[in-house]
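These notes are about the structure you will find just below.
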Amino acid sequence: MYVYNYNQPRPNEKGTERMVITDIKVRKLFDEGPMKAIVSVTFDDQLALHDIKVISVRDKNFIVMPSRKNPDGTYRDIVHPINADFRSHLEEEVIRAYEEELARAAADRETELLAESEAEPANV
């Protein structure tokens with residue numbers, strides 16, 4: 001699991017401070033299908049947002065906020081950014097954390113394969 005600590009306040013487009021992303025955890029990675037990861041984000045060390053999905057379509061990654069299914073079959077976000085600036089910031093940071101975790105997982109797999117190949121007895 002990847003833990004990303006991001007602790008620098010940044011002003012939004014109005015010049016006021018926006019919520020600070022203080023932690024990003026990549027909870028689960030998926031190899032198959034368009035959903036690639038499930039992520040949790042902590043804001044200001046006080047608010048946790050779970051079940052953000054990283055989706056990949058046509059080699060483009062984007063995030064989908066947690067949602068619930070309505071009786072008519074449509075979905076509605078449970079929580080979402082209220083402006084484009086913060087949504088863009090959140091998406092950039094979540095995708096960065098996902099890509100770093102993906103690289104870490106690939107390196108771990110490579111290390112495991114190397115260890116397994118070294119542990120196999122040579123056929124002499």
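In the structure tokens, chains take the letters A, B, ... in the order shown, each chain's residues start at 1, and ligands count up from 1 in the order shown.
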*Mind listing the alpha helix (DSSP H) residues of stretch 7-116 of chain A, per DSSP on the backbone, as a VMD selection string?*
chain A and resid 84 to 116
Can I get the selection written as an mmCIF file, in the first residue's frame, with C-alpha atoms?
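Now in out.cif:
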```
data_model
loop_
_atom_site.group_PDB
_atom_site.id
_atom_site.type_symbol
_atom_site.label_atom_id
_atom_site.label_comp_id
_atom_site.auth_asym_id
_atom_site.auth_seq_id
_atom_site.Cartn_x
_atom_site.Cartn_y
_atom_site.Cartn_z
ATOM 1 C CA ALA A 84 -12.559 22.742 -11.274
ATOM 2 C CA ASP A 85 -9.332 23.971 -9.662
ATOM 3 C CA PHE A 86 -9.568 21.656 -6.673
ATOM 4 C CA ARG A 87 -10.873 18.755 -8.771
ATOM 5 C CA SER A 88 -7.853 19.086 -11.062
ATOM 6 C CA HIS A 89 -5.491 19.267 -8.080
ATOM 7 C CA LEU A 90 -7.088 16.211 -6.443
ATOM 8 C CA GLU A 91 -7.028 14.233 -9.680
ATOM 9 C CA GLU A 92 -3.358 15.067 -10.347
ATOM 10 C CA GLU A 93 -2.294 13.984 -6.853
ATOM 11 C CA VAL A 94 -4.364 10.767 -6.822
ATOM 12 C CA ILE A 95 -3.091 9.744 -10.267
ATOM 13 C CA ARG A 96 0.488 10.546 -9.251
ATOM 14 C CA ALA A 97 0.112 8.329 -6.159
ATOM 15 C CA TYR A 98 -1.449 5.564 -8.303
ATOM 16 C CA GLU A 99 1.400 5.688 -10.839
ATOM 17 C CA GLU A 100 4.021 5.594 -8.078
ATOM 18 C CA GLU A 101 2.289 2.607 -6.444
ATOM 19 C CA LEU A 102 2.054 0.872 -9.836
ATOM 20 C CA ALA A 103 5.811 1.335 -10.355
ATOM 21 C CA ARG A 104 6.509 0.084 -6.826
ATOM 22 C CA ALA A 105 4.330 -2.997 -7.357
ATOM 23 C CA ALA A 106 6.097 -3.767 -10.654
ATOM 24 C CA ALA A 107 9.507 -3.452 -8.959
ATOM 25 C CA ASP A 108 8.338 -5.756 -6.147
ATOM 26 C CA ARG A 109 7.157 -8.357 -8.704
ATOM 27 C CA GLU A 110 10.489 -8.126 -10.514
ATOM 28 C CA THR A 111 12.368 -8.653 -7.227
ATOM 29 C CA GLU A 112 10.192 -11.675 -6.388
ATOM 30 C CA LEU A 113 10.768 -13.238 -9.821
ATOM 31 C CA LEU A 114 14.514 -12.710 -9.522
ATOM 32 C CA ALA A 115 14.557 -14.284 -6.041
ATOM 33 C CA GLU A 116 12.550 -17.264 -7.300
#
```
_Test item: residues at most 12 Å from stretch 66-79 of chain A, only C-alpha atoms, excluding those fewer than 5 positions along its chain, as a PyMOL selection string_ = chain A and resi 38-41+48-54+87
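Closest to A:Val64 among A:Leu47, A:Met35, A:Lys28, A:Thr42 is A:Met35, based on only C-alpha atoms.
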*Considering only C-alpha atoms, return as a PyMOL selection string whatever protein or nucleic-acid residues lie within 12 Å of A:Pro34, sequence-local ones (same chain, fewer than 6 positions apart) excluded.*
chain A and resi 53-64
Residues from last step as file, N, CA and C atoms, as a JSON list (two decimals), in the first residue's frame:
```
[["chain", "number", "residue", "atom", "x", "y", "z"],
["A", 53, "LYS", "N", -12.04, 6.04, -7.22],
["A", 53, "LYS", "CA", -11.60, 5.05, -8.20],
["A", 53, "LYS", "C", -10.73, 5.71, -9.26],
["A", 54, "VAL", "N", -9.64, 5.03, -9.62],
["A", 54, "VAL", "CA", -8.82, 5.46, -10.75],
["A", 54, "VAL", "C", -9.27, 4.61, -11.93],
["A", 55, "ILE", "N", -9.69, 5.29, -12.99],
["A", 55, "ILE", "CA", -10.21, 4.63, -14.19],
["A", 55, "ILE", "C", -9.28, 4.95, -15.34],
["A", 56, "SER", "N", -9.06, 3.96, -16.21],
["A", 56, "SER", "CA", -8.24, 4.15, -17.40],
["A", 56, "SER", "C", -9.05, 3.79, -18.64],
["A", 57, "VAL", "N", -9.23, 4.77, -19.51],
["A", 57, "VAL", "CA", -9.94, 4.57, -20.77],
["A", 57, "VAL", "C", -9.12, 5.21, -21.88],
["A", 58, "ARG", "N", -8.84, 4.44, -22.91],
["A", 58, "ARG", "CA", -8.05, 4.92, -24.05],
["A", 58, "ARG", "C", -6.74, 5.57, -23.59],
["A", 59, "ASP", "N", -6.04, 4.88, -22.70],
["A", 59, "ASP", "CA", -4.74, 5.32, -22.19],
["A", 59, "ASP", "C", -4.80, 6.66, -21.45],
["A", 60, "LYS", "N", -5.96, 7.02, -20.94],
["A", 60, "LYS", "CA", -6.12, 8.25, -20.14],
["A", 60, "LYS", "C", -6.64, 7.85, -18.77],
["A", 61, "ASN", "N", -5.94, 8.29, -17.73],
["A", 61, "ASN", "CA", -6.38, 8.03, -16.36],
["A", 61, "ASN", "C", -7.18, 9.21, -15.83],
["A", 62, "PHE", "N", -8.23, 8.92, -15.09],
["A", 62, "PHE", "CA", -9.00, 9.95, -14.42],
["A", 62, "PHE", "C", -9.60, 9.34, -13.16],
["A", 63, "ILE", "N", -10.15, 10.18, -12.29],
["A", 63, "ILE", "CA", -10.73, 9.67, -11.05],
["A", 63, "ILE", "C", -12.25, 9.76, -11.10],
["A", 64, "VAL", "N", -12.88, 8.87, -10.35],
["A", 64, "VAL", "CA", -14.32, 8.87, -10.16],
["A", 64, "VAL", "C", -14.56, 8.92, -8.66]]
```
*May I have all residues of stretch 19-109 of chain A that DSSP, computed from the backbone, assigns to strand (DSSP E), given as a PyMOL selection string?*
chain A and resi 21-29+35-43+47-57+60-64+67-69+75-77
Selection file, C-alpha atoms, as a compact mmCIF listing (two decimals), in the first residue's frame:
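Once written, out03.txt looks like this:
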```
# COMPACT_ATOMS: atom_id res chain seq x y z
CA ILE A 21 -4.10 16.70 0.95
CA THR A 22 -2.13 15.25 3.83
CA ASP A 23 -2.24 11.56 2.89
CA ILE A 24 -3.07 9.37 -0.09
CA LYS A 25 -3.35 5.59 0.26
CA VAL A 26 -3.67 3.34 -2.76
CA ARG A 27 -5.81 0.60 -1.22
CA LYS A 28 -6.05 -1.83 -4.11
CA LEU A 29 -4.67 -2.21 -7.64
CA MET A 35 -10.89 0.34 -12.98
CA LYS A 36 -7.21 0.41 -12.03
CA ALA A 37 -7.19 1.35 -8.33
CA ILE A 38 -9.19 2.26 -5.26
CA VAL A 39 -7.73 5.14 -3.28
CA SER A 40 -8.34 6.92 0.04
CA VAL A 41 -7.38 10.56 0.59
CA THR A 42 -7.00 12.44 3.87
CA PHE A 43 -7.47 16.21 3.98
CA LEU A 47 -11.14 14.21 6.97
CA ALA A 48 -10.83 10.88 5.15
CA LEU A 49 -12.43 10.24 1.77
CA HIS A 50 -12.56 6.58 0.76
CA ASP A 51 -13.34 4.71 -2.45
CA ILE A 52 -12.05 7.14 -5.06
CA LYS A 53 -11.60 5.05 -8.20
CA VAL A 54 -8.82 5.46 -10.75
CA ILE A 55 -10.21 4.63 -14.19
CA SER A 56 -8.24 4.15 -17.40
CA VAL A 57 -9.94 4.57 -20.77
CA LYS A 60 -6.12 8.25 -20.14
CA ASN A 61 -6.38 8.03 -16.36
CA PHE A 62 -9.00 9.95 -14.42
CA ILE A 63 -10.73 9.67 -11.05
CA VAL A 64 -14.32 8.87 -10.16
CA SER A 67 -21.19 7.40 -5.55
CA ARG A 68 -24.41 5.61 -4.80
CA LYS A 69 -27.01 4.14 -7.11
CA TYR A 75 -25.47 7.20 -9.98
CA ARG A 76 -24.91 10.29 -7.85
CA ASP A 77 -21.63 11.35 -6.24
```
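Put simply, atom CA of A:Gln46 is 20.7 Å away from atom CA of A:Asn83.
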